[in-house]
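Below: my_file_21.pdb (PDB, C-alpha atoms and all ligand atoms)
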```pdb
ATOM      1  CA  MET A   1     186.677 -68.581  33.351
ATOM      2  CA  ASN A   2     185.364 -71.844  31.931
ATOM      3  CA  THR A   3     186.115 -74.548  34.484
ATOM      4  CA  SER A   4     184.072 -77.399  33.041
ATOM      5  CA  SER A   5     185.534 -80.862  33.457
ATOM      6  CA  SER A   6     186.522 -80.974  29.784
ATOM      7  CA  ILE A   7     188.683 -77.874  30.235
ATOM      8  CA  LEU A   8     190.158 -79.391  33.382
ATOM      9  CA  ASN A   9     191.533 -82.338  31.390
ATOM     10  CA  PRO A  10     189.841 -85.036  33.451
ATOM     11  CA  PRO A  11     191.823 -88.091  34.502
ATOM     12  CA  PRO A  12     191.569 -91.444  32.764
ATOM     13  CA  HIS A  13     188.771 -93.607  34.245
ATOM     14  CA  LEU A  14     186.737 -90.607  35.471
ATOM     15  CA  ALA A  15     183.996 -90.905  32.847
ATOM     16  CA  ARG A  16     183.677 -94.660  33.438
ATOM     17  CA  ILE A  17     183.534 -94.211  37.214
ATOM     18  CA  GLU A  18     180.916 -91.466  36.873
ATOM     19  CA  ALA A  19     178.814 -93.685  34.597
ATOM     20  CA  MET A  20     179.008 -96.591  37.068
ATOM     21  CA  SER A  21     178.205 -94.221  39.959
ATOM     22  CA  LEU A  22     175.000 -93.149  38.208
ATOM     23  CA  GLY A  23     173.976 -96.790  37.992
ATOM     24  CA  LEU A  24     174.285 -97.054  41.787
ATOM     25  CA  ASN A  25     172.510 -93.743  42.429
ATOM     26  CA  PHE A  26     175.666 -92.614  44.228
ATOM     27  CA  ASN A  27     175.516 -88.815  44.341
ATOM     28  CA  MET A  28     178.195 -87.942  46.903
ATOM     29  CA  ALA A  29     181.161 -87.820  44.542
ATOM     30  CA  SER A  30     183.497 -84.845  44.557
ATOM     31  CA  GLU A  31     182.998 -82.130  41.947
ATOM     32  CA  PRO A  32     185.541 -81.630  39.133
ATOM     33  CA  LEU A  33     186.791 -78.404  40.759
ATOM     34  CA  THR A  34     187.562 -80.300  43.957
ATOM     35  CA  GLY A  35     189.180 -83.072  41.956
ATOM     36  CA  SER A  36     191.335 -80.624  40.041
ATOM     37  CA  LEU A  37     192.584 -79.010  43.258
ATOM     38  CA  LEU A  38     193.299 -82.432  44.770
ATOM     39  CA  ARG A  39     195.299 -83.382  41.684
ATOM     40  CA  THR A  40     197.353 -80.189  41.786
ATOM     41  CA  LEU A  41     198.094 -80.530  45.496
ATOM     42  CA  ALA A  42     198.862 -84.238  45.104
ATOM     43  CA  ARG A  43     201.626 -83.330  42.674
ATOM     44  CA  SER A  44     203.318 -81.309  45.426
ATOM     45  CA  LYS A  45     204.080 -84.516  47.371
ATOM     46  CA  PRO A  46     206.531 -86.597  45.306
ATOM     47  CA  SER A  47     206.896 -90.133  46.696
ATOM     48  CA  GLY A  48     204.194 -89.131  49.170
ATOM     49  CA  ARG A  49     202.027 -91.363  51.323
ATOM     50  CA  PHE A  50     198.372 -90.492  50.734
ATOM     51  CA  LEU A  51     195.276 -91.405  52.747
ATOM     52  CA  GLU A  52     191.698 -91.017  51.579
ATOM     53  CA  LEU A  53     188.899 -91.335  54.134
ATOM     54  CA  GLY A  54     185.767 -92.161  52.141
ATOM     55  CA  THR A  55     186.500 -93.787  48.765
ATOM     56  CA  GLY A  56     182.938 -93.572  47.494
ATOM     57  CA  THR A  57     183.042 -94.855  43.935
ATOM     58  CA  GLY A  58     186.565 -93.560  43.359
ATOM     59  CA  VAL A  59     185.985 -90.155  41.770
ATOM     60  CA  SER A  60     188.337 -88.251  44.083
ATOM     61  CA  THR A  61     190.643 -91.280  44.124
ATOM     62  CA  CYS A  62     191.224 -91.062  40.384
ATOM     63  CA  TRP A  63     191.886 -87.307  40.543
ATOM     64  CA  MET A  64     194.466 -87.843  43.301
ATOM     65  CA  LEU A  65     196.125 -90.705  41.431
ATOM     66  CA  ASP A  66     196.364 -88.479  38.359
ATOM     67  CA  GLY A  67     198.403 -85.963  40.376
ATOM     68  CA  MET A  68     200.547 -88.417  42.331
ATOM     69  CA  ASP A  69     203.951 -89.343  40.950
ATOM     70  CA  ALA A  70     205.012 -92.914  40.185
ATOM     71  CA  ASN A  71     206.505 -93.492  43.650
ATOM     72  CA  ALA A  72     203.601 -92.143  45.676
ATOM     73  CA  THR A  73     201.093 -94.496  47.316
ATOM     74  CA  LEU A  74     197.479 -94.114  48.384
ATOM     75  CA  VAL A  75     195.351 -95.994  50.898
ATOM     76  CA  SER A  76     191.616 -95.409  50.536
ATOM     77  CA  VAL A  77     189.009 -96.636  53.035
ATOM     78  CA  ASP A  78     185.234 -96.909  52.903
ATOM     79  CA  ASN A  79     182.703 -98.927  54.891
ATOM     80  CA  ASP A  80     180.391 -99.499  51.901
ATOM     81  CA  VAL A  81     181.765-102.285  49.733
ATOM     82  CA  ARG A  82     179.035-101.785  47.130
ATOM     83  CA  VAL A  83     180.264 -98.314  46.162
ATOM     84  CA  GLN A  84     183.934 -99.015  46.799
ATOM     85  CA  ASN A  85     183.816-101.919  44.364
ATOM     86  CA  VAL A  86     183.294 -99.433  41.542
ATOM     87  CA  ALA A  87     186.626 -97.824  42.442
ATOM     88  CA  ARG A  88     188.280-101.224  42.738
ATOM     89  CA  ARG A  89     187.054-102.307  39.315
ATOM     90  CA  ALA A  90     188.111 -99.072  37.622
ATOM     91  CA  LEU A  91     191.443 -98.533  39.354
ATOM     92  CA  GLU A  92     192.703-101.948  40.489
ATOM     93  CA  GLU A  93     195.434-102.053  37.840
ATOM     94  CA  ASP A  94     197.076 -99.024  39.437
ATOM     95  CA  THR A  95     199.515-100.586  41.906
ATOM     96  CA  ARG A  96     199.931 -97.295  43.802
ATOM     97  CA  VAL A  97     196.466 -97.576  45.373
ATOM     98  CA  GLN A  98     195.225 -99.970  48.057
ATOM     99  CA  PHE A  99     191.525-100.114  48.890
ATOM    100  CA  VAL A 100     190.462-101.026  52.400
ATOM    101  CA  HIS A 101     186.913-101.993  53.330
ATOM    102  CA  ALA A 102     186.595-100.930  56.967
ATOM    103  CA  GLU A 103     184.862 -98.669  59.423
ATOM    104  CA  GLY A 104     186.739 -95.368  59.152
ATOM    105  CA  ALA A 105     187.225 -94.709  62.874
ATOM    106  CA  SER A 106     188.586 -98.222  63.535
ATOM    107  CA  PHE A 107     190.898 -97.914  60.568
ATOM    108  CA  ILE A 108     192.223 -94.555  61.783
ATOM    109  CA  ASP A 109     192.834 -96.147  65.203
ATOM    110  CA  GLN A 110     194.683 -99.016  63.539
ATOM    111  CA  LEU A 111     196.895 -96.606  61.567
ATOM    112  CA  CYS A 112     197.637 -94.627  64.757
ATOM    113  CA  HIS A 113     198.456 -97.850  66.606
ATOM    114  CA  GLU A 114     200.844 -98.895  63.844
ATOM    115  CA  GLY A 115     202.556 -95.493  63.969
ATOM    116  CA  GLN A 116     201.766 -94.780  60.335
ATOM    117  CA  THR A 117     202.045 -91.225  59.029
ATOM    118  CA  PHE A 118     200.963 -89.531  55.818
ATOM    119  CA  ASP A 119     201.926 -86.585  53.625
ATOM    120  CA  PHE A 120     198.362 -85.944  52.454
ATOM    121  CA  ILE A 121     194.949 -86.798  53.864
ATOM    122  CA  PHE A 122     191.691 -86.165  52.017
ATOM    123  CA  ALA A 123     189.021 -86.564  54.683
ATOM    124  CA  ASP A 124     185.753 -87.050  52.830
ATOM    125  CA  THR A 125     183.618 -88.914  55.334
ATOM    126  CA  TRP A 126     182.448 -88.533  58.931
ATOM    127  CA  PRO A 127     185.357 -90.098  60.875
ATOM    128  CA  GLY A 128     188.459 -87.991  60.452
ATOM    129  CA  LYS A 129     186.341 -84.889  59.889
ATOM    130  CA  PHE A 130     183.345 -84.562  62.236
ATOM    131  CA  TYR A 131     184.579 -87.103  64.781
ATOM    132  CA  HIS A 132     187.857 -88.925  65.326
ATOM    133  CA  LEU A 133     189.432 -85.709  64.083
ATOM    134  CA  ASP A 134     192.295 -85.543  66.602
ATOM    135  CA  GLU A 135     193.243 -89.101  65.747
ATOM    136  CA  ALA A 136     193.260 -88.354  62.006
ATOM    137  CA  LEU A 137     195.368 -85.213  62.495
ATOM    138  CA  THR A 138     197.867 -87.297  64.480
ATOM    139  CA  LEU A 139     198.552 -89.213  61.263
ATOM    140  CA  LEU A 140     199.913 -86.108  59.502
ATOM    141  CA  LYS A 141     203.652 -85.694  59.071
ATOM    142  CA  LEU A 142     205.082 -82.228  59.613
ATOM    143  CA  GLY A 143     204.287 -80.224  56.499
ATOM    144  CA  ALA A 144     201.596 -82.660  55.428
ATOM    145  CA  LEU A 145     198.308 -81.502  53.916
ATOM    146  CA  TYR A 146     194.864 -82.198  55.389
ATOM    147  CA  ILE A 147     192.011 -81.402  53.009
ATOM    148  CA  VAL A 148     188.233 -81.534  53.349
ATOM    149  CA  ASP A 149     185.383 -80.418  51.105
ATOM    150  CA  ASP A 150     181.596 -79.950  51.419
ATOM    151  CA  LEU A 151     181.885 -77.066  53.881
ATOM    152  CA  LEU A 152     179.574 -74.641  52.065
ATOM    153  CA  PRO A 153     175.806 -75.159  52.515
ATOM    154  CA  GLN A 154     174.444 -77.848  50.185
ATOM    155  CA  PRO A 155     170.777 -78.526  49.380
ATOM    156  CA  ASN A 156     171.040 -82.115  50.625
ATOM    157  CA  TRP A 157     172.412 -81.247  54.096
ATOM    158  CA  PRO A 158     170.411 -82.622  57.027
ATOM    159  CA  ASP A 159     169.117 -80.032  59.544
ATOM    160  CA  ASP A 160     171.939 -80.427  62.063
ATOM    161  CA  HIS A 161     174.765 -80.421  59.503
ATOM    162  CA  SER A 162     175.637 -76.706  59.434
ATOM    163  CA  GLY A 163     176.238 -76.859  63.206
ATOM    164  CA  LYS A 164     178.712 -79.716  62.698
ATOM    165  CA  VAL A 165     180.548 -77.716  60.034
ATOM    166  CA  SER A 166     180.751 -74.632  62.297
ATOM    167  CA  ILE A 167     182.170 -76.680  65.165
ATOM    168  CA  PHE A 168     184.678 -78.310  62.805
ATOM    169  CA  LEU A 169     185.854 -74.954  61.384
ATOM    170  CA  GLN A 170     186.099 -73.362  64.822
ATOM    171  CA  TYR A 171     188.125 -76.315  66.102
ATOM    172  CA  MET A 172     190.510 -76.204  63.139
ATOM    173  CA  MET A 173     191.025 -72.453  63.625
ATOM    174  CA  GLU A 174     191.946 -73.033  67.264
ATOM    175  CA  ARG A 175     194.546 -75.740  66.575
ATOM    176  CA  THR A 176     197.953 -74.175  67.093
ATOM    177  CA  ASP A 177     199.682 -76.948  65.139
ATOM    178  CA  MET A 178     197.790 -76.364  61.898
ATOM    179  CA  VAL A 179     197.968 -73.531  59.367
ATOM    180  CA  ILE A 180     194.584 -73.415  57.639
ATOM    181  CA  THR A 181     192.846 -71.747  54.723
ATOM    182  CA  PRO A 182     189.116 -72.159  54.093
ATOM    183  CA  LEU A 183     188.339 -71.773  50.395
ATOM    184  CA  MET A 184     185.191 -70.583  48.625
ATOM    185  CA  TRP A 185     185.926 -73.093  45.878
ATOM    186  CA  SER A 186     183.693 -75.872  44.632
ATOM    187  CA  THR A 187     181.598 -77.126  47.587
ATOM    188  CA  GLY A 188     183.787 -75.244  50.074
ATOM    189  CA  LEU A 189     187.173 -76.624  51.032
ATOM    190  CA  LEU A 190     189.632 -76.310  53.842
ATOM    191  CA  ILE A 191     193.331 -76.878  53.307
ATOM    192  CA  ALA A 192     195.459 -77.290  56.391
ATOM    193  CA  THR A 193     199.173 -77.904  56.869
ATOM    194  CA  ARG A 194     200.604 -79.537  59.960
ATOM    195  CA  ILE A 195     203.359 -77.496  61.588
TER     196      ILE A 195
HETATM  197  C1  LIG B   1     181.257 -88.074  50.344
HETATM  198  S1  LIG B   1     181.364 -89.807  50.058
HETATM  199  C2  LIG B   1     182.994 -90.017  49.431
HETATM  200  C3  LIG B   1     183.123 -89.517  48.037
HETATM  201  C4  LIG B   1     184.468 -89.717  47.384
HETATM  202  N1  LIG B   1     185.581 -89.323  48.221
HETATM  203  C5  LIG B   1     184.495 -88.911  46.110
HETATM  204  O1  LIG B   1     184.844 -87.734  46.168
HETATM  205  O2  LIG B   1     184.128 -89.422  45.085
HETATM  206  C6  LIG B   1     181.519 -90.447  51.666
HETATM  207  C7  LIG B   1     181.815 -91.925  51.731
HETATM  208  O3  LIG B   1     182.048 -92.255  53.105
HETATM  209  C8  LIG B   1     181.572 -93.553  53.332
HETATM  210  N2  LIG B   1     181.348 -93.673  54.785
HETATM  211  C9  LIG B   1     180.304 -93.203  55.518
HETATM  212  N3  LIG B   1     180.491 -93.445  56.817
HETATM  213  C10 LIG B   1     181.685 -94.102  56.919
HETATM  214  C11 LIG B   1     182.426 -94.642  58.009
HETATM  215  N4  LIG B   1     181.968 -94.531  59.256
HETATM  216  N5  LIG B   1     183.589 -95.272  57.746
HETATM  217  C12 LIG B   1     184.055 -95.386  56.476
HETATM  218  N6  LIG B   1     183.396 -94.884  55.405
HETATM  219  C13 LIG B   1     182.231 -94.253  55.621
HETATM  220  C14 LIG B   1     180.337 -93.677  52.476
HETATM  221  O4  LIG B   1     180.091 -95.037  52.147
HETATM  222  C15 LIG B   1     180.699 -92.835  51.266
HETATM  223  O5  LIG B   1     181.159 -93.626  50.221
END
```
Would you kindly transcribe this structure into structure tokens?
Amino acid sequence: MNTSSSILNPPPHLARIEAMSLGLNFNMASEPLTGSLLRTLARSKPSGRFLELGTGTGVSTCWMLDGMDANATLVSVDNDVRVQNVARRALEEDTRVQFVHAEGASFIDQLCHEGQTFDFIFADTWPGKFYHLDEALTLLKLGALYIVDDLLPQPNWPDDHSGKVSIFLQYMMERTDMVITPLMWSTGLLIATRI
């Protein structure tokens, strides 16, 4: 099966964002296969409230926006304004998305404090995935999706990273309020539903 990004019908703005990302030497963007899955799953949440932890330069953001319907909204947080500004520049005309420049853990705490809940969380940074996980899972509505990628070994992983991934997967398997499926897809994903 040919799954190149051209076959996947990439979203508007993706090529521009990728070009700007190269200029910043930003190499942590999601792969097209991850983006395509995010887009498909995003479509399953009409009028949904979406949260992205780790905007990067907006690659996964634009895939999610391409799947979301007109009434859905997305909040995307990153602590690096330099990379997040690429996403802002490319996507700012889309009124469904709000970019927040903040430390992820503090922002998750703020959302918890405000009693906010979401239909879909893509956790693509450290807080909400390898720490502050309980707090992030608290933000899920019943039936909401929690998605992470980068769970299969990657050449750029630091030495202690595979241990973090194992602990994360073990913890998710033990949660009795989540139905999970790890996927050998793209960089290795996990899709979980809150029950
Ligand atoms: C894997 S990249 C995100 C890639 C993006 N989601 C995509 O697929 O294109 C992780 C991002 O998390 C951000 N980040 C790292 N630590 C963070 C923290 N403590 N709080 C918020 N953002 C953080 C980095 O600046 C980086 O942009």
- Excluding Cys62 of chain A and residues on its chain fewer than 2 positions from it, collect all residues at most 12 Å away from it, counting all atoms listed in the file, and give them as a ChimeraX atom specification. /A:10-18,29-30,32,34-36,38-39,42,52,55-60,64-68,74,76,86-88,90-92,94,96-97
- Return as number ranges by chain the set of residues that the PyMOL selection byres (((chain A and resi 188) around 9) and not hetatm) yields on the displayed structure. A: 34, 148-153, 182-187, 189-190
- Shell of 8 Å around segment 166-170 of chain A, all atoms listed in the file, local chain residues under 4 positions omitted, as an MDAnalysis selection string: chainID A and resid 129:130 162 174
Return as AutoDock Vina command-line options the centre and edge lengths, in Å with one decimal, of the box along x, y and z that encloses every atom of segment 76-89 of chain A in the file, padded by 4 Å per side.
```
--center_x 185.3 --center_y -98.9 --center_z 47.1 --size_x 20.6 --size_y 14.9 --size_z 23.6
```
- Query: What is the distance, in Å and to one decimal place, between atom CA of Leu137 of chain A and atom CA of Val81 of chain A?
  - Reply: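 Straight-line distance from atom CA of Leu137 of chain A to atom CA of Val81 of chain A works out to 25.3 Å.
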